[in-house]
Every structure is written in structure tokens, then in C-alpha cells.
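J.: My questions will all concern the structure given below.
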Amino acid sequence: YMELAVQTEEGTVHIYNHDGSTLSGWPKSNTGYYPEYDDVHITPALGDVNNDGDIDVVSSYYCGSIAWNATGSTLGGWPFKVNGVEEEGRHFAYSSPVLCNLDSDDALEAVVCRQLYRFPVEGPEETVFALNSNGSQMWSCNLNPSDGGESVMGSPIAVDVTGDATPEILVCSSSVSTIHKDEESAGADSTFCNGRLYLLSGSTGNILHSSSIVGQFVYGSPVVGDIDDDDSLEVVISCYTDNGNPIRTNVFSLPSLTLEHSWNLTGCSSGPSSSPTLGDINGDGVFDVIVSAYPTIFAWDGETKNPIAGFPVNIGNSVRHGISLADIDGDGYPELVFCTKVGYLHALNHDGSICGGFPINIGLSNSQPAIDDIDGDYKLEICVANTLGEIIVYEAGDSSWPALLTWPQYQHDARNSGILDADFAAPATPAGFAGTGALASNIFKADLSWTLSVNDPGHPAPTPPAD
């Protein structure tokens with residue numbers, strides 16, 4: 001069975017069993033959170049941080065980050081605090097952590113980011129931190145020392161683009177100038193005019209490449225995938241804007257961060273506050289790019305850059321925290337599943353039409369759906385949260401299995417990786433099962449079953465192996 005992890009705006013992390021009961025040892029409150037200031041907007045990252053074979057939970061709060069094991073006990077060395085102290089103005093409460101392996105030691109590192117926000121901040125400030133499995137700081141990075149630093153609101157990405165088996169770190173700053181460096185500038189919007197995309201060394205945190213996003217700033221996170229089928233990865237980032245600049249979604253090459261393409265989000269009165277979603281929604285073997293901006297859902301072919309047939313779709317509202325992709329009706333194509341701010345759970349087919357039974361009134365929601373078979377009944381469940389503090393789970397039905405889970409949750413997976421790296425080649429017929437070996441007396445177990453990933457609706461199923 002699967003558990004559900006969710007963090008409230010008050011900073012409390014809850015873990016629920018598949019039947020809705022609370023997992024023993026939970027919930028946990030984040031140490032040092034300042035409730036009189038801003039809300040927490042974090043999706044916890046889940047993974048085996050300390051390499052003990054069990055899943056751990058990593059989250060951020062106003063003044064730092066913290067990690068727990070599955071029973072709710074704080075991992076040794078955590079929480080992390082900048083300079084070892086809880087201090088106002090170190091705002092980690094918007095950027096969700098990402099888990100990755102930066103030093104090949106089998107344990108996981110966490111990369112966390114923060115804003116410089118609301119309080120006087122003196123001197124250069126780091127806003128990107130890599131943390132060891134014991135909560136100690138591996139490295140930190142000041143993205144713009146000449147101006148004190150740059151704020152990061154979205155989640156970082158860990159992706160190996162140099163081929164050295166150590167991931168690089170990709171972040172996008174909210175502005176070239178420090179956001180709200182002091183209270184006197186808090187009301188000015190001139191600091192929001194330009195964002196910048198950075199590629200950092202995963203080993204040292206040094207800046208390898210950067211690219212300006214002129215006239216735009218970024219609320220959401222970047223995502224990574226080979227969207228144009230050229231065997232190289234691209235970065236896709238949606239940008240907010242002010243001062244009359246167009247609202248855009250931009251594509252950059254890796255590792256150079258050269259701008260390859262921009263889509264104008266025409267007809268939108270407000271820019272995206274969520275991350276893009278990647279996935280092949282029409283079964284042509286090429287990743288598509290899906291973006292929401294009030295009041296419209298856009299979908300483009302990553303190779304041709306043309307709109308997918310049936311898109312854009314006017315939904316009349318905003319999607320605050322992203323679109324999930326999964327085949328919930330068994331037609332071989334992933335549906336677009338998302339929550340609108342006004343309180344409806346929507347599902348669109350690959351051609352932009354509305355799925356049967358949707359939309360569903362769930363109450364005001366800022367969440368992105370998480371989709372999987374959480375109770376082991378071979379049916380997909382759609383899990384959402386609303387602002388009343390409720391977790392609601394809907395069952396997709398018998399036809400939703402076997403599952404095509406293209407982008408099933410925030411930033412794709414439980415580690416918040418933000419990377420779509422699946423290939424579309426039909427799996428080869430399994431072979432090489434024949435063999436001989438000695439069996440210990442009275443101990444014999446044979447498992448002759450196997451599972452083939454259903455990730456390519458555009459190709460026929462592989463031929464089953466002979467008995």
C-alpha cells in the first residue's frame with residue numbers, strides 16, 4: 001500500500017495510510033516556523049535519505065529544512081538552519097526540496113532554495129543550499145553577489161547534463177535584484193522585472209551557466225525533458241510578467257541554457273503560478289508541453305511547437321499548482337487532471353474535451369492531484385486536497401489499470417525531480433530466463449512472473465515470452 005504525504009499552509013506535515021487513517025508517529029510540526037508571517041507552500045520530498053532501506057520525508061519551513069524517518073522521528077543532524085540559527089528573512093517556505101545523489105555515497109542529498117523576503121537583509125546572501133544526509137551543509141550558492149543575492153521561489157532540479165554521473169543543479173531566480181531586500185522596497189514592483197536561469201555544479205555549487213529571462217519573473221519551477229526528440233534535454237519554464245511584457249513559456253537548451261523557443265500565452269490576464277507539465281498526450285512518441293495560465297490550458301507539440309489539436313482550452317479559472325497526467329479511463333492516452341482555485345477537480349482528454357464525470361466540486365483548492373494505485377486494488381486513485389484541510393480520494397475505475405502514469409504528481413515523482421526521462425521504444429521481448437543452479441535443501445522459491453512498463457500507447461504490446 002501507498003501512503004499520502006501532505007504539508008499544510010501552517011507548516012504541519014501529515015502522512016495518511018491508504019484507508020485515510022493517520023500513520024503512526026504523525027503529524028509533525030516544522031520547528032521554528034513563524035506563523036504570523038507567510039504561509040508555507042511546500043510539497044515534501046520522499047526518499048531514502050540516509051540509505052537505511054526506509055523512506056524518509058524532507059520538508060522546508062520558514063527558517064530552514066527538516067527531515068524525518070517513516071515513524072516521524074527527526075533524522076540525526078536535522079533540522080538545517082542558515083548559519084545554524086533560526087533567523088527572520090530566510091524564507092524557505094515556497095521552494096519544495098529535491099532529493100538526489102550528489103556524491104555517489106548511496107545516501108541522498110537535499111537541495112533547498114529560499115527567498116530574501118520582507119525583512120532587512122544585510123550583505124551577500126546565499127539562496128541555494130545542498131544538504132548532506134545528516135543535515136549538514138554540503139555547499140551554498142549566492143546567485144548574484146554584486147546585488148546581495150537572488151530569490152528562488154520554485155523548486156530546484158537535479159539533472160546530469162555533463163555525463164559525469166553527478167547531477168547538476170538547475171534553479172530559476174524570481175528576479176535579477178533581490179526581492180524585498182528591505183521593507184522600504186517591499187511595495188515596489190521594479191525588482192520583479194527580470195528572472196534568470198542558472199546551472200550549478202552539483203559537487204561545488206559553482207555557477208556553470210546562466211541565462212536571463214528579460215522582462216519576466218518566475219513563480220513556478222522549471223521542468224526537464226527531451227521535448228523535441230533530438231536526444232538532448234531541454235528546460236521548460238513558465239514566466240510571470242509585469243510592465244506590459246508578454247506572458248511566456250520558454251524552452252532552453254542544456255547545458256548552455258540557450259533560449260530555443262518561446263510561446264506567448266495569448267488571451268491570459270494572469271501568468272502561470274505553477275510549473276509546466278511534460279508528457280506525450282496524443283500518442284505520437286514526442287513529449288508535449290502543458291501549461292496553465294488564467295483562464296486557459298495550453299498544450300504544444302514539443303517537436304513542431306504547434307498547438308495540440310483541441311487546445312488551448314478555456315477553463316474559466318486558474319490552476320495554482322500544476323497539471324498531472326495519467327490514463328484514468330483506459331483509452332491509452334493520458335488525461336490532464338488538475339484542480340482550479342475556485343474548487344473543481346477537472347479532467348481533460350488528450351483532444352481537450354472534458355472527461356465523463358468531470359468536473360467535480362471539491363471545495364477551494366491550491367493542490368496538484370497525485371495519481372496512483374494507493375490501495376493495491378489495480379485501480380488508479382486521484383488524490384486531492386482542499387483549503388478546508390480535507391484529503392479527498394476518488395477511484396478511477398477498472399479500466400484505469402494497467403496504469404499509464406506519465407506525470408502523476410507535483411514535479412513528476414516523490415523526490416520532486418521535475419524530470420521526464422522515459423523513452424518511447426517498445427520494450428523488447430524478455431529473454432534469457434533459462435538456467436540451472438543448485439538449490440538449498442527445503443528452500444525453494446521461484447518467481448516466473450515479470451512486469452513490462454506500459455509507457456508507450458503508440459506501439460503494440462510486446463510479444464509475450466514462451467512458457
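By convention in this document, the chains of the C-alpha cells carry letters A, B, ... by their order, each chain's residues are numbered from 1, and ligands are numbered from 1 in the order they are shown.
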Using 8 Å as the limit and counting only C-alpha atoms, can you tabulate each residue of region 376-430 of chain A that touches region 93-107 of chain A, with its shortest atom-to-atom distance in Å and the two atoms involved, as CSV?
T.:
residue,atom,partner,partner_atom,distance
A:Arg415,CA,A:Leu99,CA,5.2
A:Asn416,CA,A:Val98,CA,5.2
A:Ser417,CA,A:Val98,CA,6.0
J.: Leaving out Val313 (chain A) and any residue of its chain fewer than 6 positions from it, which residues lie within 7 Å of it when counting only C-alpha atoms, given as a list in words?
T.: Thr296, Ile297, Phe298 and Gly352 of chain A
J.: The selected residues should be written to file as a CSV table (one decimal), in the first residue's frame (atoms: all heavy atoms).
T.:
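Result file follows (part16.csv):
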chain,number,residue,atom,x,y,z
A,296,THR,N,-6.7,29.6,-19.1
A,296,THR,CA,-6.6,28.8,-20.2
A,296,THR,C,-5.6,27.6,-19.9
A,296,THR,O,-4.6,27.8,-19.2
A,296,THR,CB,-6.1,29.6,-21.4
A,296,THR,OG1,-7.0,30.7,-21.7
A,296,THR,CG2,-6.0,28.7,-22.7
A,297,ILE,N,-5.8,26.4,-20.5
A,297,ILE,CA,-4.9,25.3,-20.6
A,297,ILE,C,-4.3,25.3,-22.0
A,297,ILE,O,-5.0,25.2,-23.0
A,297,ILE,CB,-5.6,24.0,-20.2
A,297,ILE,CG1,-6.2,24.1,-18.9
A,297,ILE,CG2,-4.5,22.9,-20.3
A,297,ILE,CD1,-5.3,24.2,-17.7
A,298,PHE,N,-3.0,25.3,-22.1
A,298,PHE,CA,-2.3,25.2,-23.4
A,298,PHE,C,-1.6,23.9,-23.5
A,298,PHE,O,-1.1,23.3,-22.4
A,298,PHE,CB,-1.2,26.3,-23.5
A,298,PHE,CG,-1.8,27.7,-23.5
A,298,PHE,CD1,-2.0,28.4,-22.3
A,298,PHE,CD2,-2.1,28.4,-24.7
A,298,PHE,CE1,-2.4,29.7,-22.3
A,298,PHE,CE2,-2.5,29.7,-24.7
A,298,PHE,CZ,-2.8,30.3,-23.5
A,352,GLY,N,-8.6,17.7,-25.6
A,352,GLY,CA,-9.1,18.9,-25.0
A,352,GLY,C,-10.5,18.8,-24.5
A,352,GLY,O,-11.0,19.7,-23.9
J.: Give the strand (DSSP E or B) residues of region 191-285 of chain A, as DSSP finds them on the backbone, and put them as a PyMOL selection string.
T.: chain A and resi 195-200+207-213+216-217+223-225+234-241+248-253+259-264+277-279
J.: Kindly indicate which residue among A:Gln368, A:Gln409, A:Asn264, A:Asn306 lies nearest to His41 (chain A), using only C-alpha atoms for the distances.
T.: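 So, comparing all the options, the nearest one is A:Gln368.
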J.: Fewer than 5 positions away in the same chain doesn't count, so skip those; otherwise give me all residues within 10 Å of Thr162 (chain A), counting only C-alpha atoms, as a ChimeraX atom specification.
T.: /A:167-168,201,254-255
J.: Can you work out which one of A:Ile354, A:Leu336, A:Leu420, A:Val128 has the shortest atom-to-atom distance to Ile382 (chain A), counting only C-alpha atoms?
T.: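 So, comparing all the options, the nearest one is A:Leu336.
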J.: Any idea what the distance is between CA of Ser21 (chain A) and CA of His346 (chain A)?
T.: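 One can read the CA of Ser21 (chain A) to CA of His346 (chain A) distance as 26.1 Å.
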